[in-house]
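Data first, discussion second: the structure below is written as structure tokens.
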Amino acid sequence: MTSANQSVTLSFSFRDADGKEKYPSSVFQDTMALFDGRVAEDYDKLPEEALLYGASDIFMYAVRHGYNLSDEGLPSATDFALTQALSAEREENLTDDASRSLFGKKIPLSQSKMDRFVLCPFSYHCTYSLQLAPEKSGKFEGMDVGSFIHKIFEEFFSRLGGRLKTVEDDEAKRILADVMESYAATIAKGNPSRRFKALLERLKRTSELLVMNLLSEFRLSDFEPCFFELPISPYGEDGVISESIPISNTQSVTFKGVIDRVDIFRKDDDVYFRVVDYKIGNKEFSMNDILMGLNMQMLLYLFALSTDSSGSFAKMLSCKGKPIPAGVLYFSFGSQEKPKDPKEDKRKEDANALLLQTEKRIKRSGVLLNDKEILTAMENTLAGRYLPIKINKDGDLSGQSGTTLATLKELGDLAKTIQSTVKSIAKELAGGKAVATKEKKGEHDPCAFCRMKPICRTMQTEQEEKGEDVDG
Ligand code: SF4
């Protein structure tokens, strides 16, 4: 799918940013040797027509040179480029052959792949089909912060075992400190920088507050964390088997992921379970996102575990019947808010105030089974301190902002909607859709965090239109 059909351009710099002389790599020289008679050209000496990249370059060229768009006197290369640029609909799709060789009979998907494709198919193909990636910065990035917190949660609750309700705060904090020390030692190798150490200390403080919040939640709950980082895949390696979804007579979609946490509640012979996803930032569950095909992972996991036709999940739970879905929850934690009032700094020194402040930064939201008994098992007081529910004076329950209560039948309907969304995403993918799109999907701007900007140049065109300096 990467074979060029018009031309290939290789470039190198003569000098680096400090003016030091540079030479082309051996790859460049070997490639030149393949094409007899080709010599490198100096970019600064190329004719202006050879440097017209897109519609805006060509338009400015035409304006500078006094051409009308209908003029026949444009230089041929420019004429060609102008026609292409003005008529292009940016519908860059893959050929059938390229699509077939990329996907075959089984199309492997994960939520991050689906999100990328729904937001911008071009960016999906750059990321996953061509596997392009910017160079790693070597900094302790968001992803590493997430890994740290995931690991600490997993280790801490595993060490605590069944003592969720009986462990004293002091002992819990000692166990946690030990868990964090051991994990920090594995990532802070060599001689870490002061910045790294400071970030690590901040992370430890945040992790303690989050873990103590979770512990307080479980003390009021009959649900217990049962699995952490549970893999789910078509072959069930070390985890649960996910079923493939047929999209045609010859192709099907397979789904792969890792569930952050699964909590369970045993009632007689039944086992109720809920899926929890950790999010850094102020993320709230959104049914609109689900309907657009975004952020479906928690529900996909929930339905995969409840369908469980292979029986792999029921076996892990030693459950006689089918495990029953009790809901999905985001556990999101936002960044530290700056105190509006300087006096708040003083209050922050108080441990209880600090805990309350942290609780405000933690948000739980999702879809929960509309069954009072099960909701009471999740939070025994039903006060909505941890569980995102509220209760009115008549005793009726409803979800707080971002949370929906659904019956088992409604969950079943949602599962069907999600399945058909996954099918249509997979069909478009298998059909070769690769267009670059910068249209917003609800609140989501596909280009906001896209690392493929330098390739698609859509943003450059937009910034040039606004007259901004795109080089810095
Ligand atoms: S910058 Fe926007 S249009 Fe370009 S690839 Fe990324 S998401 Fe697509």
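Chain lettering (A, B, ...) mirrors the order of the structure tokens, residue numbering begins at 1 for each chain separately, and ligand numbering begins at 1 in order of display.
The contact shell of ligand 1, defined as all polymer residues within 6 Å when only C-alpha atoms and all ligand atoms are used, comprises Cys120, Phe122, Ser123, Ala436, Thr437, Lys438, Pro446, Cys447, Cys450, Met452, Lys453, Cys456, Thr458 and Met459 of chain A.
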How about saving the chosen residues, N, CA and C atoms kept, as a compact mmCIF listing (two decimals), in the first residue's frame?
```
# COMPACT_ATOMS: atom_id res chain seq x y z
N CYS A 120 -10.82 9.91 12.34
CA CYS A 120 -10.16 10.25 11.06
C CYS A 120 -9.53 8.99 10.45
N PHE A 122 -7.79 8.55 7.83
CA PHE A 122 -6.42 8.75 7.34
C PHE A 122 -5.42 8.60 8.49
N SER A 123 -5.77 9.21 9.60
CA SER A 123 -4.89 9.13 10.75
C SER A 123 -4.80 7.67 11.25
N ALA A 436 -8.93 11.81 4.99
CA ALA A 436 -8.50 12.65 6.12
C ALA A 436 -9.66 13.59 6.45
N THR A 437 -10.14 13.50 7.68
CA THR A 437 -11.28 14.36 8.01
C THR A 437 -10.99 15.12 9.29
N LYS A 438 -11.29 16.39 9.26
CA LYS A 438 -11.03 17.18 10.47
C LYS A 438 -12.34 17.67 11.08
N PRO A 446 -10.89 15.70 15.98
CA PRO A 446 -9.96 14.62 15.62
C PRO A 446 -8.52 15.10 15.52
N CYS A 447 -8.33 16.37 15.18
CA CYS A 447 -6.97 16.87 14.95
C CYS A 447 -6.28 17.33 16.24
N CYS A 450 -3.74 14.79 17.29
CA CYS A 450 -3.30 13.88 16.24
C CYS A 450 -1.81 14.09 15.95
N MET A 452 -0.33 12.93 13.40
CA MET A 452 -0.09 12.80 11.96
C MET A 452 -0.24 14.14 11.24
N LYS A 453 -0.37 15.23 11.99
CA LYS A 453 -0.54 16.55 11.38
C LYS A 453 0.53 16.85 10.34
N CYS A 456 -0.61 14.81 7.00
CA CYS A 456 -1.81 15.11 6.22
C CYS A 456 -1.84 16.59 5.82
N THR A 458 -3.43 18.88 6.72
CA THR A 458 -4.74 19.53 6.76
C THR A 458 -4.69 20.76 7.66
N MET A 459 -4.00 20.59 8.81
CA MET A 459 -3.94 21.71 9.74
C MET A 459 -3.13 22.84 9.17
```
Among stretch 125-245 of chain A, which residues carry a DSSP assignment of strand (DSSP E or B), reported as a PDB file with N, CA and C atoms, in the first residue's frame?
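And here is the file that came out, out_38.pdb:
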```pdb
ATOM      1  N   GLU A 224     -16.481  -6.536  45.337  1.00  0.00           N
ATOM      2  CA  GLU A 224     -15.043  -6.590  45.628  1.00  0.00           C
ATOM      3  C   GLU A 224     -14.260  -6.579  44.327  1.00  0.00           C
ATOM      4  N   PRO A 225     -13.113  -5.927  44.328  1.00  0.00           N
ATOM      5  CA  PRO A 225     -12.306  -5.992  43.099  1.00  0.00           C
ATOM      6  C   PRO A 225     -11.795  -7.420  42.920  1.00  0.00           C
ATOM      7  N   CYS A 226     -12.007  -7.979  41.752  1.00  0.00           N
ATOM      8  CA  CYS A 226     -11.675  -9.397  41.550  1.00  0.00           C
ATOM      9  C   CYS A 226     -10.560  -9.580  40.519  1.00  0.00           C
ATOM     10  N   PHE A 227     -10.602  -8.788  39.446  1.00  0.00           N
ATOM     11  CA  PHE A 227      -9.558  -8.886  38.416  1.00  0.00           C
ATOM     12  C   PHE A 227      -9.014  -7.493  38.112  1.00  0.00           C
ATOM     13  N   PHE A 228      -7.709  -7.426  37.924  1.00  0.00           N
ATOM     14  CA  PHE A 228      -7.064  -6.183  37.481  1.00  0.00           C
ATOM     15  C   PHE A 228      -6.356  -6.490  36.174  1.00  0.00           C
ATOM     16  N   GLU A 229      -6.411  -5.539  35.253  1.00  0.00           N
ATOM     17  CA  GLU A 229      -5.716  -5.674  33.961  1.00  0.00           C
ATOM     18  C   GLU A 229      -6.041  -7.035  33.336  1.00  0.00           C
ATOM     19  N   LEU A 230      -7.311  -7.313  33.210  1.00  0.00           N
ATOM     20  CA  LEU A 230      -7.761  -8.613  32.676  1.00  0.00           C
ATOM     21  C   LEU A 230      -7.776  -8.582  31.144  1.00  0.00           C
ATOM     22  N   PRO A 231      -6.940  -9.413  30.489  1.00  0.00           N
ATOM     23  CA  PRO A 231      -6.922  -9.380  29.019  1.00  0.00           C
ATOM     24  C   PRO A 231      -8.169 -10.047  28.446  1.00  0.00           C
ATOM     25  N   ILE A 232      -8.597  -9.518  27.314  1.00  0.00           N
ATOM     26  CA  ILE A 232      -9.731 -10.117  26.613  1.00  0.00           C
ATOM     27  C   ILE A 232      -9.340 -10.157  25.135  1.00  0.00           C
ATOM     28  N   SER A 233      -9.429 -11.329  24.533  1.00  0.00           N
ATOM     29  CA  SER A 233      -8.923 -11.475  23.162  1.00  0.00           C
ATOM     30  C   SER A 233      -9.553 -12.693  22.496  1.00  0.00           C
ATOM     31  N   VAL A 240      -9.930 -13.688  29.095  1.00  0.00           N
ATOM     32  CA  VAL A 240     -11.260 -14.096  28.642  1.00  0.00           C
ATOM     33  C   VAL A 240     -11.292 -14.117  27.114  1.00  0.00           C
ATOM     34  N   ILE A 241     -12.053 -15.071  26.576  1.00  0.00           N
ATOM     35  CA  ILE A 241     -12.165 -15.175  25.117  1.00  0.00           C
ATOM     36  C   ILE A 241     -13.263 -14.221  24.631  1.00  0.00           C
ATOM     37  N   ILE A 245     -17.237 -11.035  15.564  1.00  0.00           N
ATOM     38  CA  ILE A 245     -18.528 -10.585  15.023  1.00  0.00           C
ATOM     39  C   ILE A 245     -18.453 -10.659  13.497  1.00  0.00           C
TER      40      ILE A 245
END
```
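Comparing A:Thr381, A:Met292, A:Lys390, A:Asp238 by their smallest distance to A:Val118, the closest is A:Met292 (using only C-alpha atoms).
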Stretch 229-311 of chain A near stretch 325-329 of chain A within 10 Å: what's each residue's closest atom pair and its distance in Å to one decimal, counting only C-alpha atoms, ordered by chain then ascending residue number, as CSV?
```
residue,atom,partner,partner_atom,distance
A:Arg261,CA,A:Leu329,CA,9.9
A:Val262,CA,A:Val328,CA,9.3
A:Asp263,CA,A:Ala326,CA,9.4
A:Ile264,CA,A:Ala326,CA,8.8
A:Phe265,CA,A:Ala326,CA,9.2
A:Val271,CA,A:Pro325,CA,8.7
A:Tyr272,CA,A:Ala326,CA,5.7
A:Phe273,CA,A:Pro325,CA,5.3
A:Arg274,CA,A:Gly327,CA,4.8
A:Val275,CA,A:Val328,CA,4.7
A:Val276,CA,A:Leu329,CA,4.8
A:Asp277,CA,A:Leu329,CA,6.3
A:Tyr278,CA,A:Leu329,CA,8.6
A:Glu284,CA,A:Leu329,CA,9.6
A:Phe285,CA,A:Leu329,CA,8.0
A:Gln297,CA,A:Val328,CA,9.9
A:Met298,CA,A:Val328,CA,6.2
A:Leu299,CA,A:Val328,CA,6.7
A:Tyr301,CA,A:Val328,CA,9.1
A:Leu302,CA,A:Pro325,CA,6.6
A:Phe303,CA,A:Pro325,CA,7.8
A:Leu305,CA,A:Pro325,CA,8.1
A:Ser306,CA,A:Pro325,CA,6.1
A:Thr307,CA,A:Pro325,CA,9.7
```
>> Report as a list in words all protein, DNA and RNA residues lying within 9 Å of A:Pro24, evaluated on only C-alpha atoms, omitting residues in the same chain fewer than 2 positions from it.
In response: Ser11, Phe12, Ser13, Phe14, Lys22, Ser26, Val27, Phe28 and Gln29 of chain A
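Closest approach to A:Leu164 among A:Leu220, A:Val367, A:Leu210, A:Leu109: A:Leu220, based on only C-alpha atoms.
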> Could you pull the residues within 7 Å of stretch 147-152 of chain A, counting only C-alpha atoms, minus those fewer than 2 positions along the same chain, as an NGL selection string?
Replying inline: :A and (143-145 or 154-156 or 179-180 or 207)
Output the selection as an mmCIF file, in the first residue's frame - C-alpha atoms for each residue.
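Okay, this is what ended up in again_8.cif:
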```
data_model
loop_
_atom_site.group_PDB
_atom_site.id
_atom_site.type_symbol
_atom_site.label_atom_id
_atom_site.label_comp_id
_atom_site.auth_asym_id
_atom_site.auth_seq_id
_atom_site.Cartn_x
_atom_site.Cartn_y
_atom_site.Cartn_z
ATOM 1 C CA MET A 143 1.003 7.014 29.398
ATOM 2 C CA ASP A 144 3.648 6.289 32.026
ATOM 3 C CA VAL A 145 1.651 8.123 34.670
ATOM 4 C CA GLU A 154 -3.365 -3.727 41.121
ATOM 5 C CA GLU A 155 -0.501 -4.484 43.508
ATOM 6 C CA PHE A 156 -2.090 -2.805 46.513
ATOM 7 C CA VAL A 179 4.125 -1.150 46.940
ATOM 8 C CA MET A 180 5.006 2.285 45.572
ATOM 9 C CA SER A 207 -1.849 7.536 44.235
#
```
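Put simply, atom CA of A:Leu382 is 27.6 Å away from atom CA of A:Asn295.
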>> Excluding A:Gly334 and its own-chain neighbours fewer than 3 positions away, which residues fall within 10 Å of it when counting only C-alpha atoms? Please give them as a PyMOL selection string.
In response: chain A and resi 279-283+337+358+360-363
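In terms of minimum interatomic distance to A:Pro454, A:Ala133 ranks closest within A:Ala133, A:Val253, A:Leu46, A:Leu317, counting only C-alpha atoms.
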